[in-house]
Every structure is written in structure tokens, then in C-alpha cells.
>>> print(open('input.csv').read())   # CSV, N, CA and C atoms
chain,number,residue,atom,x,y,z
T,1362,MET,N,40.1,123.1,-91.0
T,1362,MET,CA,40.0,121.7,-90.8
T,1362,MET,C,39.2,121.1,-91.8
T,1363,LYS,N,39.6,120.0,-92.5
T,1363,LYS,CA,38.9,119.4,-93.5
T,1363,LYS,C,37.6,118.7,-92.9
T,1364,ILE,N,36.6,118.5,-93.8
T,1364,ILE,CA,35.4,118.0,-93.3
T,1364,ILE,C,35.6,116.6,-92.7
T,1365,TYR,N,36.5,115.7,-93.3
T,1365,TYR,CA,36.7,114.4,-92.8
T,1365,TYR,C,37.2,114.5,-91.4
T,1366,ALA,N,38.2,115.4,-91.1
T,1366,ALA,CA,38.7,115.5,-89.8
T,1366,ALA,C,37.7,116.0,-88.8
T,1367,MET,N,36.8,116.9,-89.2
T,1367,MET,CA,35.7,117.4,-88.4
T,1367,MET,C,34.8,116.3,-88.0
T,1368,ILE,N,34.4,115.5,-89.0
T,1368,ILE,CA,33.5,114.4,-88.7
T,1368,ILE,C,34.2,113.4,-87.8
T,1369,GLY,N,35.5,113.1,-88.1
T,1369,GLY,CA,36.2,112.2,-87.3
T,1369,GLY,C,36.3,112.6,-85.8
T,1370,SER,N,36.4,113.9,-85.6
T,1370,SER,CA,36.5,114.5,-84.3
T,1370,SER,C,35.2,114.2,-83.5
T,1371,PHE,N,34.1,114.3,-84.2
T,1371,PHE,CA,32.8,114.0,-83.6
T,1371,PHE,C,32.6,112.5,-83.4
T,1372,VAL,N,33.0,111.7,-84.3
T,1372,VAL,CA,32.9,110.3,-84.1
T,1372,VAL,C,33.7,109.7,-83.0
T,1373,VAL,N,34.9,110.3,-82.8
T,1373,VAL,CA,35.8,109.9,-81.7
T,1373,VAL,C,35.1,110.2,-80.3
T,1374,ILE,N,34.3,111.2,-80.3
T,1374,ILE,CA,33.6,111.5,-79.0
T,1374,ILE,C,32.6,110.4,-78.8
T,1375,ILE,N,31.9,109.9,-79.8
T,1375,ILE,CA,31.0,108.8,-79.7
T,1375,ILE,C,31.8,107.6,-79.2
T,1376,ALA,N,32.9,107.3,-79.8
T,1376,ALA,CA,33.8,106.2,-79.3
T,1376,ALA,C,34.1,106.3,-77.8
T,1377,LEU,N,34.5,107.5,-77.4
T,1377,LEU,CA,34.8,107.8,-76.0
T,1377,LEU,C,33.6,107.4,-75.1
T,1378,THR,N,32.4,107.8,-75.6
T,1378,THR,CA,31.2,107.6,-74.8
T,1378,THR,C,31.0,106.1,-74.6
T,1379,PHE,N,31.1,105.3,-75.7
T,1379,PHE,CA,30.9,103.9,-75.6
T,1379,PHE,C,31.9,103.2,-74.8
T,1380,TYR,N,33.2,103.5,-75.0
T,1380,TYR,CA,34.3,103.0,-74.2
T,1380,TYR,C,34.1,103.2,-72.7
T,1381,SER,N,33.7,104.5,-72.4
T,1381,SER,CA,33.5,104.9,-71.0
T,1381,SER,C,32.4,104.1,-70.3
T,1382,ILE,N,31.3,103.9,-71.0
T,1382,ILE,CA,30.2,103.2,-70.5
T,1382,ILE,C,30.6,101.7,-70.2
T,1383,GLY,N,31.2,101.1,-71.3
T,1383,GLY,CA,31.7,99.7,-71.1
T,1383,GLY,C,32.7,99.5,-70.0
T,1384,PHE,N,33.6,100.4,-70.0
T,1384,PHE,CA,34.7,100.4,-69.0
T,1384,PHE,C,34.1,100.5,-67.6
T,1385,ALA,N,33.2,101.5,-67.4
T,1385,ALA,CA,32.6,101.7,-66.1
T,1385,ALA,C,31.8,100.5,-65.6
T,1386,LYS,N,31.1,99.9,-66.5
T,1386,LYS,CA,30.3,98.7,-66.2
T,1386,LYS,C,31.2,97.5,-65.8
T,1387,GLU,N,32.3,97.3,-66.6
T,1387,GLU,CA,33.2,96.2,-66.3
T,1387,GLU,C,33.9,96.4,-65.0
T,1388,GLN,N,34.4,97.6,-64.8
T,1388,GLN,CA,35.2,97.9,-63.6
T,1388,GLN,C,34.3,97.8,-62.3
T,1389,LYS,N,33.0,98.2,-62.4
T,1389,LYS,CA,32.2,98.2,-61.3
T,1389,LYS,C,31.8,96.8,-60.9
T,1390,LYS,N,31.3,96.0,-61.8
T,1390,LYS,CA,30.8,94.7,-61.5
T,1390,LYS,C,31.9,93.6,-61.7
T,1391,LYS,N,33.0,93.9,-62.3
T,1391,LYS,CA,34.1,93.0,-62.6
T,1391,LYS,C,33.6,91.7,-63.4
T,1392,LEU,N,32.6,92.0,-64.2
T,1392,LEU,CA,32.0,90.9,-65.1
T,1392,LEU,C,32.0,91.4,-66.5
T,1393,VAL,N,32.0,90.5,-67.4
T,1393,VAL,CA,32.0,90.8,-68.8
T,1393,VAL,C,30.7,90.3,-69.4
T,1394,THR,N,29.7,91.2,-69.2
T,1394,THR,CA,28.3,90.9,-69.7
T,1394,THR,C,28.2,91.3,-71.1
T,1395,SER,N,27.1,90.9,-71.7
T,1395,SER,CA,26.8,91.2,-73.1
T,1395,SER,C,26.8,92.8,-73.3
T,1396,ARG,N,26.3,93.5,-72.3
T,1396,ARG,CA,26.3,95.0,-72.4
T,1396,ARG,C,27.7,95.5,-72.5
T,1397,VAL,N,28.6,95.0,-71.6
T,1397,VAL,CA,30.0,95.4,-71.6
T,1397,VAL,C,30.6,95.2,-73.0
T,1398,LEU,N,30.4,94.0,-73.5
T,1398,LEU,CA,30.9,93.7,-74.8
T,1398,LEU,C,30.3,94.5,-75.9
T,1399,LEU,N,29.0,94.8,-75.8
T,1399,LEU,CA,28.4,95.7,-76.8
T,1399,LEU,C,29.1,97.1,-76.8
T,1400,PHE,N,29.2,97.7,-75.6
T,1400,PHE,CA,29.8,99.0,-75.5
T,1400,PHE,C,31.3,99.1,-76.0
T,1401,TYR,N,32.0,98.1,-75.6
T,1401,TYR,CA,33.4,98.0,-76.0
T,1401,TYR,C,33.5,97.8,-77.5
T,1402,THR,N,32.7,96.9,-78.1
T,1402,THR,CA,32.7,96.7,-79.5
T,1402,THR,C,32.3,97.9,-80.3
T,1403,LEU,N,31.3,98.6,-79.9
T,1403,LEU,CA,30.8,99.8,-80.5
T,1403,LEU,C,31.9,100.9,-80.4
T,1404,GLY,N,32.6,100.9,-79.2
T,1404,GLY,CA,33.7,101.9,-79.1
T,1404,GLY,C,34.8,101.6,-80.1
T,1405,VAL,N,35.2,100.4,-80.3
T,1405,VAL,CA,36.2,100.0,-81.2
T,1405,VAL,C,35.8,100.4,-82.6
T,1406,LEU,N,34.6,100.1,-83.0
T,1406,LEU,CA,34.1,100.3,-84.4
T,1406,LEU,C,34.0,101.8,-84.6
T,1407,PHE,N,33.6,102.6,-83.7
T,1407,PHE,CA,33.5,104.1,-83.9
T,1407,PHE,C,35.0,104.6,-83.8
T,1408,ASP,N,35.8,104.1,-83.0
T,1408,ASP,CA,37.2,104.5,-83.0
T,1408,ASP,C,37.9,104.3,-84.3
T,1409,ILE,N,37.7,103.1,-84.9
T,1409,ILE,CA,38.3,102.8,-86.2
T,1409,ILE,C,37.8,103.7,-87.2
T,1410,SER,N,36.5,104.0,-87.2
T,1410,SER,CA,35.9,105.0,-88.1
T,1410,SER,C,36.5,106.4,-88.0
T,1411,ALA,N,36.6,106.8,-86.7
T,1411,ALA,CA,37.1,108.1,-86.4
T,1411,ALA,C,38.6,108.2,-86.9
T,1412,THR,N,39.4,107.2,-86.6
T,1412,THR,CA,40.8,107.2,-87.1
T,1412,THR,C,40.9,107.3,-88.6
T,1413,THR,N,40.0,106.5,-89.3
T,1413,THR,CA,40.0,106.5,-90.7
T,1413,THR,C,39.7,107.9,-91.2
T,1414,LEU,N,38.7,108.5,-90.7
T,1414,LEU,CA,38.2,109.8,-91.1
T,1414,LEU,C,39.3,110.9,-90.8
T,1415,MET,N,40.0,110.8,-89.7
T,1415,MET,CA,41.0,111.7,-89.4
T,1415,MET,C,42.2,111.6,-90.3
T,1416,ILE,N,42.5,110.3,-90.6
T,1416,ILE,CA,43.6,110.1,-91.6
T,1416,ILE,C,43.3,110.8,-92.9
T,1417,LEU,N,42.0,110.5,-93.4
T,1417,LEU,CA,41.6,111.1,-94.7
T,1417,LEU,C,41.6,112.6,-94.6
T,1418,GLY,N,41.4,113.2,-93.4
T,1418,GLY,CA,41.3,114.7,-93.3
T,1418,GLY,C,42.6,115.3,-92.9
T,1419,SER,N,43.6,114.5,-92.7
T,1419,SER,CA,44.9,115.0,-92.3
T,1419,SER,C,45.8,115.5,-93.5
T,1420,THR,N,46.5,116.5,-93.3
T,1420,THR,CA,47.5,117.0,-94.3
T,1420,THR,C,48.9,116.6,-93.9
T,1421,LYS,N,49.0,116.0,-92.7
T,1421,LYS,CA,50.4,115.6,-92.2
T,1421,LYS,C,50.8,114.2,-92.5
T,1422,GLY,N,49.9,113.4,-93.1
T,1422,GLY,CA,50.3,112.0,-93.4
T,1422,GLY,C,50.0,111.0,-92.2
T,1423,LEU,N,50.4,109.8,-92.4
T,1423,LEU,CA,50.1,108.7,-91.5
T,1423,LEU,C,51.0,108.7,-90.3
T,1424,LEU,N,52.2,109.0,-90.4
T,1424,LEU,CA,53.2,108.8,-89.4
T,1424,LEU,C,53.5,110.2,-88.7
T,1425,THR,N,52.7,110.5,-87.7
T,1425,THR,CA,52.9,111.7,-86.9
T,1425,THR,C,53.0,111.3,-85.4
T,1426,PHE,N,53.4,112.2,-84.6
T,1426,PHE,CA,53.4,111.9,-83.1
T,1426,PHE,C,52.0,111.6,-82.6
T,1427,HIS,N,51.0,112.4,-83.1
T,1427,HIS,CA,49.6,112.2,-82.7
T,1427,HIS,C,49.1,110.9,-83.3
T,1428,GLY,N,49.5,110.6,-84.5
T,1428,GLY,CA,49.1,109.3,-85.1
T,1428,GLY,C,49.6,108.1,-84.3
T,1429,PHE,N,50.9,108.1,-83.9
T,1429,PHE,CA,51.5,107.0,-83.1
T,1429,PHE,C,50.7,106.9,-81.8
T,1430,ILE,N,50.4,107.9,-81.1
T,1430,ILE,CA,49.6,107.9,-79.9
T,1430,ILE,C,48.2,107.3,-80.1
T,1431,GLY,N,47.6,107.8,-81.2
T,1431,GLY,CA,46.2,107.3,-81.5
T,1431,GLY,C,46.2,105.9,-81.9
T,1432,TYR,N,47.2,105.5,-82.8
T,1432,TYR,CA,47.2,104.1,-83.3
T,1432,TYR,C,47.5,103.1,-82.1
T,1433,SER,N,48.4,103.5,-81.2
T,1433,SER,CA,48.7,102.6,-80.1
T,1433,SER,C,47.6,102.5,-79.1
T,1434,SER,N,46.9,103.6,-78.9
T,1434,SER,CA,45.7,103.5,-78.0
T,1434,SER,C,44.6,102.7,-78.6
T,1435,LEU,N,44.4,102.8,-79.9
T,1435,LEU,CA,43.3,102.0,-80.6
T,1435,LEU,C,43.7,100.5,-80.5
T,1436,LEU,N,45.0,100.2,-80.8
T,1436,LEU,CA,45.4,98.9,-80.7
T,1436,LEU,C,45.2,98.3,-79.2
T,1437,GLY,N,45.5,99.1,-78.2
T,1437,GLY,CA,45.3,98.7,-76.9
T,1437,GLY,C,43.8,98.4,-76.6
T,1438,MET,N,42.9,99.2,-77.1
T,1438,MET,CA,41.5,99.0,-76.9
T,1438,MET,C,41.0,97.8,-77.7
T,1439,CYS,N,41.6,97.6,-78.9
T,1439,CYS,CA,41.2,96.4,-79.7
T,1439,CYS,C,41.6,95.1,-78.9
T,1440,ILE,N,42.9,95.1,-78.4
T,1440,ILE,CA,43.3,93.9,-77.6
T,1440,ILE,C,42.4,93.7,-76.4
T,1441,ASP,N,42.1,94.8,-75.7
T,1441,ASP,CA,41.3,94.7,-74.5
T,1441,ASP,C,39.9,94.1,-74.9
T,1442,THR,N,39.3,94.6,-75.9
T,1442,THR,CA,38.0,94.1,-76.4
T,1442,THR,C,38.1,92.6,-76.7
T,1443,PHE,N,39.2,92.2,-77.5
T,1443,PHE,CA,39.4,90.8,-77.8
T,1443,PHE,C,39.5,90.0,-76.5
T,1444,LEU,N,40.3,90.5,-75.6
T,1444,LEU,CA,40.5,89.7,-74.3
T,1444,LEU,C,39.1,89.6,-73.5
T,1445,LEU,N,38.3,90.6,-73.5
T,1445,LEU,CA,37.0,90.6,-72.9
T,1445,LEU,C,36.1,89.6,-73.6
T,1446,TRP,N,36.1,89.6,-74.9
T,1446,TRP,CA,35.3,88.7,-75.6
T,1446,TRP,C,35.7,87.2,-75.3
T,1447,ASN,N,37.0,87.0,-75.3
T,1447,ASN,CA,37.6,85.7,-75.0
T,1447,ASN,C,37.2,85.3,-73.6
T,1448,HIS,N,37.3,86.2,-72.6
T,1448,HIS,CA,36.9,85.8,-71.3
T,1448,HIS,C,35.4,85.4,-71.2
T,1449,ASN,N,34.6,86.2,-71.9
T,1449,ASN,CA,33.2,85.9,-71.9
T,1449,ASN,C,32.9,84.5,-72.5
T,1450,LYS,N,33.6,84.3,-73.6
T,1450,LYS,CA,33.3,83.0,-74.4
T,1450,LYS,C,33.8,81.8,-73.6
T,1451,LYS,N,35.0,81.9,-72.9
T,1451,LYS,CA,35.5,80.8,-72.2
T,1451,LYS,C,35.0,80.6,-70.8
T,1452,LYS,N,34.7,81.6,-70.1
T,1452,LYS,CA,34.3,81.5,-68.7
T,1452,LYS,C,32.8,82.0,-68.5
T,1453,GLY,N,32.2,82.6,-69.4
T,1453,GLY,CA,30.9,83.1,-69.3
T,1453,GLY,C,30.8,84.4,-68.6
T,1454,PRO,N,29.6,85.0,-68.7
T,1454,PRO,CA,29.4,86.4,-68.1
T,1454,PRO,C,29.3,86.5,-66.6
T,1455,GLU,N,29.2,85.3,-66.0
T,1455,GLU,CA,29.0,85.4,-64.5
T,1455,GLU,C,30.3,85.1,-63.7
T,1456,VAL,N,31.4,85.0,-64.4
T,1456,VAL,CA,32.7,84.8,-63.7
T,1456,VAL,C,33.5,86.1,-63.7
T,1457,ASN,N,33.9,86.5,-62.5
T,1457,ASN,CA,34.7,87.7,-62.4
T,1457,ASN,C,35.9,87.7,-63.3
T,1458,VAL,N,36.3,88.9,-63.8
T,1458,VAL,CA,37.5,89.0,-64.6
T,1458,VAL,C,38.7,88.8,-63.7
T,1459,SER,N,39.8,88.3,-64.2
T,1459,SER,CA,41.0,88.2,-63.4
T,1459,SER,C,41.6,89.5,-63.0
T,1460,LYS,N,42.4,89.6,-62.0
T,1460,LYS,CA,43.0,90.8,-61.6
T,1460,LYS,C,43.9,91.4,-62.8
T,1461,GLY,N,44.6,90.5,-63.5
T,1461,GLY,CA,45.4,90.9,-64.6
T,1461,GLY,C,44.6,91.6,-65.7
T,1462,LEU,N,43.5,91.0,-66.1
T,1462,LEU,CA,42.6,91.5,-67.1
T,1462,LEU,C,42.0,92.8,-66.7
T,1463,ASN,N,41.6,92.9,-65.4
T,1463,ASN,CA,41.1,94.1,-64.9
T,1463,ASN,C,42.1,95.3,-64.9
T,1464,ILE,N,43.3,95.0,-64.6
T,1464,ILE,CA,44.4,96.0,-64.7
T,1464,ILE,C,44.7,96.4,-66.1
T,1465,TYR,N,44.7,95.4,-67.0
T,1465,TYR,CA,45.0,95.7,-68.4
T,1465,TYR,C,43.9,96.6,-68.9
T,1466,SER,N,42.6,96.3,-68.6
T,1466,SER,CA,41.5,97.2,-69.0
T,1466,SER,C,41.7,98.6,-68.6
T,1467,ARG,N,42.2,98.8,-67.3
T,1467,ARG,CA,42.4,100.1,-66.8
T,1467,ARG,C,43.5,100.8,-67.6
T,1468,VAL,N,44.6,100.1,-67.8
T,1468,VAL,CA,45.8,100.7,-68.5
T,1468,VAL,C,45.4,101.1,-69.9
T,1469,ALA,N,44.7,100.2,-70.6
T,1469,ALA,CA,44.3,100.5,-72.0
T,1469,ALA,C,43.3,101.7,-72.0
T,1470,PHE,N,42.4,101.7,-71.1
T,1470,PHE,CA,41.4,102.8,-71.1
T,1470,PHE,C,42.1,104.1,-70.8
T,1471,ILE,N,42.9,104.1,-69.8
T,1471,ILE,CA,43.6,105.4,-69.4
T,1471,ILE,C,44.5,105.9,-70.6
T,1472,TRP,N,45.2,104.9,-71.2
T,1472,TRP,CA,46.1,105.3,-72.4
T,1472,TRP,C,45.2,105.9,-73.5
T,1473,TRP,N,44.0,105.3,-73.7
T,1473,TRP,CA,43.1,105.8,-74.8
T,1473,TRP,C,42.6,107.2,-74.4
T,1474,VAL,N,42.2,107.4,-73.2
T,1474,VAL,CA,41.8,108.7,-72.8
T,1474,VAL,C,42.9,109.7,-72.9
T,1475,ALA,N,44.1,109.4,-72.5
T,1475,ALA,CA,45.3,110.2,-72.6
T,1475,ALA,C,45.5,110.6,-74.1
T,1476,ALA,N,45.3,109.6,-75.0
T,1476,ALA,CA,45.5,109.9,-76.4
T,1476,ALA,C,44.4,110.9,-76.9
T,1477,PHE,N,43.2,110.6,-76.4
T,1477,PHE,CA,42.0,111.5,-76.8
T,1477,PHE,C,42.3,113.0,-76.4
T,1478,ILE,N,42.8,113.1,-75.1
T,1478,ILE,CA,43.1,114.5,-74.6
T,1478,ILE,C,44.2,115.1,-75.4
T,1479,THR,N,45.3,114.3,-75.6
T,1479,THR,CA,46.5,114.8,-76.3
T,1479,THR,C,46.1,115.2,-77.7
T,1480,GLY,N,45.3,114.4,-78.4
T,1480,GLY,CA,44.8,114.8,-79.7
T,1480,GLY,C,44.1,116.2,-79.7
T,1481,GLY,N,43.2,116.3,-78.8
T,1481,GLY,CA,42.5,117.6,-78.7
T,1481,GLY,C,43.4,118.8,-78.4
T,1482,LEU,N,44.4,118.6,-77.5
T,1482,LEU,CA,45.3,119.6,-77.2
T,1482,LEU,C,46.2,120.0,-78.4
T,1483,LEU,N,46.7,118.9,-79.1
T,1483,LEU,CA,47.5,119.2,-80.3
T,1483,LEU,C,46.8,120.0,-81.3
T,1484,VAL,N,45.6,119.7,-81.6
T,1484,VAL,CA,44.8,120.4,-82.5
T,1484,VAL,C,44.5,121.8,-82.1
T,1485,ALA,N,44.2,122.0,-80.8
T,1485,ALA,CA,44.0,123.3,-80.2
T,1485,ALA,C,45.2,124.2,-80.3
T,1486,LEU,N,46.4,123.6,-80.0
T,1486,LEU,CA,47.6,124.4,-80.0
T,1486,LEU,C,48.1,124.8,-81.4
T,1487,ARG,N,47.6,124.0,-82.4
T,1487,ARG,CA,48.0,124.3,-83.8
T,1487,ARG,C,47.2,125.6,-84.3
T,1488,HIS,N,46.1,125.8,-83.7
T,1488,HIS,CA,45.2,126.9,-84.2
T,1488,HIS,C,45.3,128.1,-83.3
>>> encode(input="input.csv", output="C-alpha cells")
Amino acid sequence: MKIYAMIGSFVVIIALTFYSIGFAKEQKKKLVTSRVLLFYTLGVLFDISATTLMILGSTKGLLTFHGFIGYSSLLGMCIDTFLLWNHNKKKGPEVNVSKGLNIYSRVAFIWWVAAFITGGLLVALRH
């Protein structure tokens, strides 16, 4: 495994940590506080960094099955983060998120975790 891919694998674990904390806080309180936004935003930034590093370290190119899963899950989390920022800006941190946004956050997070697990399994099965 190339050094970029190895570093990317470590960075994606950091992204998972930030996403998980932000997701748990938002789901528990159903509020979009500054802490929730911080964790989601850091998760996206680390996820973008990890994706970039893994692309640089890949010998398979940009368009792979794992790439599609990873890109779509990153897009889902970017959209979720944007929607949460938008909710916070328009309604403030003290207004509960709508049921629709709450469900979208769950779907996006579950898809991202599934992509994370799938990526790990694909790498493990190759070796």
C-alpha cells in the first residue's frame, strides 16, 4: 500500500470520529448547535483530505466500485452538513431539526459508515 493510501486510511478514521460525534449530538438533542456544526465540518474536511490521499495512493484510478461508494457517501455528508448549517443560520441553534432533516442525517450517516466498512473490507480482501 502506498504511503498516501496509508495516511488516507488513518485520516478517514479521524473523519469517522468527527462525523460520529456530530451525528450523535444532533440525533440526541435534535438541535444544530455550534458543536454539531464543528464536528460535521471537521468530518467533511478530514473526509475530503482522506479521499484525496486515497486517490493519490490508488493504482486503480478514479472510477472504481469503491470510489463510487466513497464519493457518493462523501457527497451525502457534504449535503447533510450544508443542510445543518442552513438550518442553524435560518432557525438558530435552539429550534429542533425537522423530521425530514433528521431522517436525511441518519441515511447519510449510515451510508457513509457502510462506505467506510465496505472500503475496509475491499482492501482486506485484496490482500
>>> closest_residue(input="input.csv", among="T:Leu1462, T:Ala1376, T:Met1438, T:Leu1445", to="Thr1394 (chain T)", atoms="only N, CA and C atoms")
T:Leu1445
>>> atom_distance(input="input.csv", atom1="CA of Tyr1380 (chain T)", atom2="CA of Phe1400 (chain T)")
6.2 Å
>>> closest_residue(input="input.csv", among="T:Leu1486, T:Ala1476, T:Met1367, T:Val1397", to="Phe1384 (chain T)", atoms="all atoms listed in the file")
T:Val1397
>>> closest_residue(input="input.csv", among="T:Leu1403, T:Ile1375, T:Ile1478, T:Val1393", to="Asn1449 (chain T)", atoms="all atoms listed in the file")
T:Val1393
>>> residues_around(input="input.csv", residues="Thr1479 (chain T)", least_positions_apart="4", cutoff="8 Å", atoms="only C-alpha atoms", output="JSON, numbers by chain")
{"T": [1427, 1475, 1483]}
>>> atom_distance(input="input.csv", atom1="atom C of Gly1369 (chain T)", atom2="atom C of Ser1410 (chain T)")
6.6 Å
>>> residues_near_point(input="input.csv", point="(37.6, 110.7, -90.2)", cutoff="6 Å", atoms="all atoms listed in the file", output="PyMOL selection string")
chain T and resi 1365-1366+1368-1370+1410-1418
>>> atom_distance(input="input.csv", atom1="CA of Phe1371 (chain T)", atom2="atom N of Asp1408 (chain T)")
10.4 Å
>>> select_by_dssp(input="input.csv", residues="chain T", states="helix (DSSP H, G or I)", output="JSON, numbers by chain")
{"T": [1364, 1365, 1366, 1367, 1368, 1369, 1370, 1371, 1372, 1373, 1374, 1375, 1376, 1377, 1378, 1379, 1380, 1381, 1382, 1383, 1384, 1385, 1386, 1387, 1388, 1389, 1390, 1395, 1396, 1397, 1398, 1399, 1400, 1401, 1402, 1403, 1404, 1405, 1406, 1407, 1408, 1409, 1410, 1411, 1412, 1413, 1414, 1415, 1416, 1417, 1418, 1426, 1427, 1428, 1429, 1430, 1431, 1432, 1433, 1434, 1435, 1436, 1437, 1438, 1439, 1440, 1441, 1442, 1443, 1444, 1445, 1446, 1447, 1448, 1449, 1450, 1451, 1452, 1460, 1461, 1462, 1463, 1464, 1465, 1466, 1467, 1468, 1469, 1470, 1471, 1472, 1473, 1474, 1475, 1476, 1477, 1478, 1479, 1480, 1481, 1482, 1483, 1484, 1485, 1486, 1487]}
>>> residues_around(input="input.csv", residues="Ala1385 (chain T)", least_positions_apart="4", cutoff="12 Å", atoms="only C-alpha atoms", output="list in words")
Leu1377, Thr1378, Phe1379, Tyr1380, Ser1381, Lys1389, Lys1390, Lys1391, Leu1392, Val1393, Arg1396, Val1397, Leu1398, Phe1400, Tyr1401, Asn1463, Ser1466, Arg1467 and Phe1470 of chain T
>>> write_last_selection(input="input.csv", atoms="N, CA and C atoms", output="PDB file, in the frame of the given file")
ATOM      1  N   LEU T1377      34.500 107.500 -77.400  1.00  0.00           N
ATOM      2  CA  LEU T1377      34.800 107.800 -76.000  1.00  0.00           C
ATOM      3  C   LEU T1377      33.600 107.400 -75.100  1.00  0.00           C
ATOM      4  N   THR T1378      32.400 107.800 -75.600  1.00  0.00           N
ATOM      5  CA  THR T1378      31.200 107.600 -74.800  1.00  0.00           C
ATOM      6  C   THR T1378      31.000 106.100 -74.600  1.00  0.00           C
ATOM      7  N   PHE T1379      31.100 105.300 -75.700  1.00  0.00           N
ATOM      8  CA  PHE T1379      30.900 103.900 -75.600  1.00  0.00           C
ATOM      9  C   PHE T1379      31.900 103.200 -74.800  1.00  0.00           C
ATOM     10  N   TYR T1380      33.200 103.500 -75.000  1.00  0.00           N
ATOM     11  CA  TYR T1380      34.300 103.000 -74.200  1.00  0.00           C
ATOM     12  C   TYR T1380      34.100 103.200 -72.700  1.00  0.00           C
ATOM     13  N   SER T1381      33.700 104.500 -72.400  1.00  0.00           N
ATOM     14  CA  SER T1381      33.500 104.900 -71.000  1.00  0.00           C
ATOM     15  C   SER T1381      32.400 104.100 -70.300  1.00  0.00           C
ATOM     16  N   LYS T1389      33.000  98.200 -62.400  1.00  0.00           N
ATOM     17  CA  LYS T1389      32.200  98.200 -61.300  1.00  0.00           C
ATOM     18  C   LYS T1389      31.800  96.800 -60.900  1.00  0.00           C
ATOM     19  N   LYS T1390      31.300  96.000 -61.800  1.00  0.00           N
ATOM     20  CA  LYS T1390      30.800  94.700 -61.500  1.00  0.00           C
ATOM     21  C   LYS T1390      31.900  93.600 -61.700  1.00  0.00           C
ATOM     22  N   LYS T1391      33.000  93.900 -62.300  1.00  0.00           N
ATOM     23  CA  LYS T1391      34.100  93.000 -62.600  1.00  0.00           C
ATOM     24  C   LYS T1391      33.600  91.700 -63.400  1.00  0.00           C
ATOM     25  N   LEU T1392      32.600  92.000 -64.200  1.00  0.00           N
ATOM     26  CA  LEU T1392      32.000  90.900 -65.100  1.00  0.00           C
ATOM     27  C   LEU T1392      32.000  91.400 -66.500  1.00  0.00           C
ATOM     28  N   VAL T1393      32.000  90.500 -67.400  1.00  0.00           N
ATOM     29  CA  VAL T1393      32.000  90.800 -68.800  1.00  0.00           C
ATOM     30  C   VAL T1393      30.700  90.300 -69.400  1.00  0.00           C
ATOM     31  N   ARG T1396      26.300  93.500 -72.300  1.00  0.00           N
ATOM     32  CA  ARG T1396      26.300  95.000 -72.400  1.00  0.00           C
ATOM     33  C   ARG T1396      27.700  95.500 -72.500  1.00  0.00           C
ATOM     34  N   VAL T1397      28.600  95.000 -71.600  1.00  0.00           N
ATOM     35  CA  VAL T1397      30.000  95.400 -71.600  1.00  0.00           C
ATOM     36  C   VAL T1397      30.600  95.200 -73.000  1.00  0.00           C
ATOM     37  N   LEU T1398      30.400  94.000 -73.500  1.00  0.00           N
ATOM     38  CA  LEU T1398      30.900  93.700 -74.800  1.00  0.00           C
ATOM     39  C   LEU T1398      30.300  94.500 -75.900  1.00  0.00           C
ATOM     40  N   PHE T1400      29.200  97.700 -75.600  1.00  0.00           N
ATOM     41  CA  PHE T1400      29.800  99.000 -75.500  1.00  0.00           C
ATOM     42  C   PHE T1400      31.300  99.100 -76.000  1.00  0.00           C
ATOM     43  N   TYR T1401      32.000  98.100 -75.600  1.00  0.00           N
ATOM     44  CA  TYR T1401      33.400  98.000 -76.000  1.00  0.00           C
ATOM     45  C   TYR T1401      33.500  97.800 -77.500  1.00  0.00           C
ATOM     46  N   ASN T1463      41.600  92.900 -65.400  1.00  0.00           N
ATOM     47  CA  ASN T1463      41.100  94.100 -64.900  1.00  0.00           C
ATOM     48  C   ASN T1463      42.100  95.300 -64.900  1.00  0.00           C
ATOM     49  N   SER T1466      42.600  96.300 -68.600  1.00  0.00           N
ATOM     50  CA  SER T1466      41.500  97.200 -69.000  1.00  0.00           C
ATOM     51  C   SER T1466      41.700  98.600 -68.600  1.00  0.00           C
ATOM     52  N   ARG T1467      42.200  98.800 -67.300  1.00  0.00           N
ATOM     53  CA  ARG T1467      42.400 100.100 -66.800  1.00  0.00           C
ATOM     54  C   ARG T1467      43.500 100.800 -67.600  1.00  0.00           C
ATOM     55  N   PHE T1470      42.400 101.700 -71.100  1.00  0.00           N
ATOM     56  CA  PHE T1470      41.400 102.800 -71.100  1.00  0.00           C
ATOM     57  C   PHE T1470      42.100 104.100 -70.800  1.00  0.00           C
TER      58      PHE T1470
END
>>> residues_around(input="input.csv", residues="Phe1477 (chain T)", least_positions_apart="4", cutoff="8 Å", atoms="only C-alpha atoms", output="ChimeraX atom specification")
/T:1431,1473,1481
>>> closest_residue(input="input.csv", among="T:Ala1485, T:Trp1446, T:Val1468, T:Lys1363", to="Thr1420 (chain T)", atoms="all atoms listed in the file")
T:Lys1363
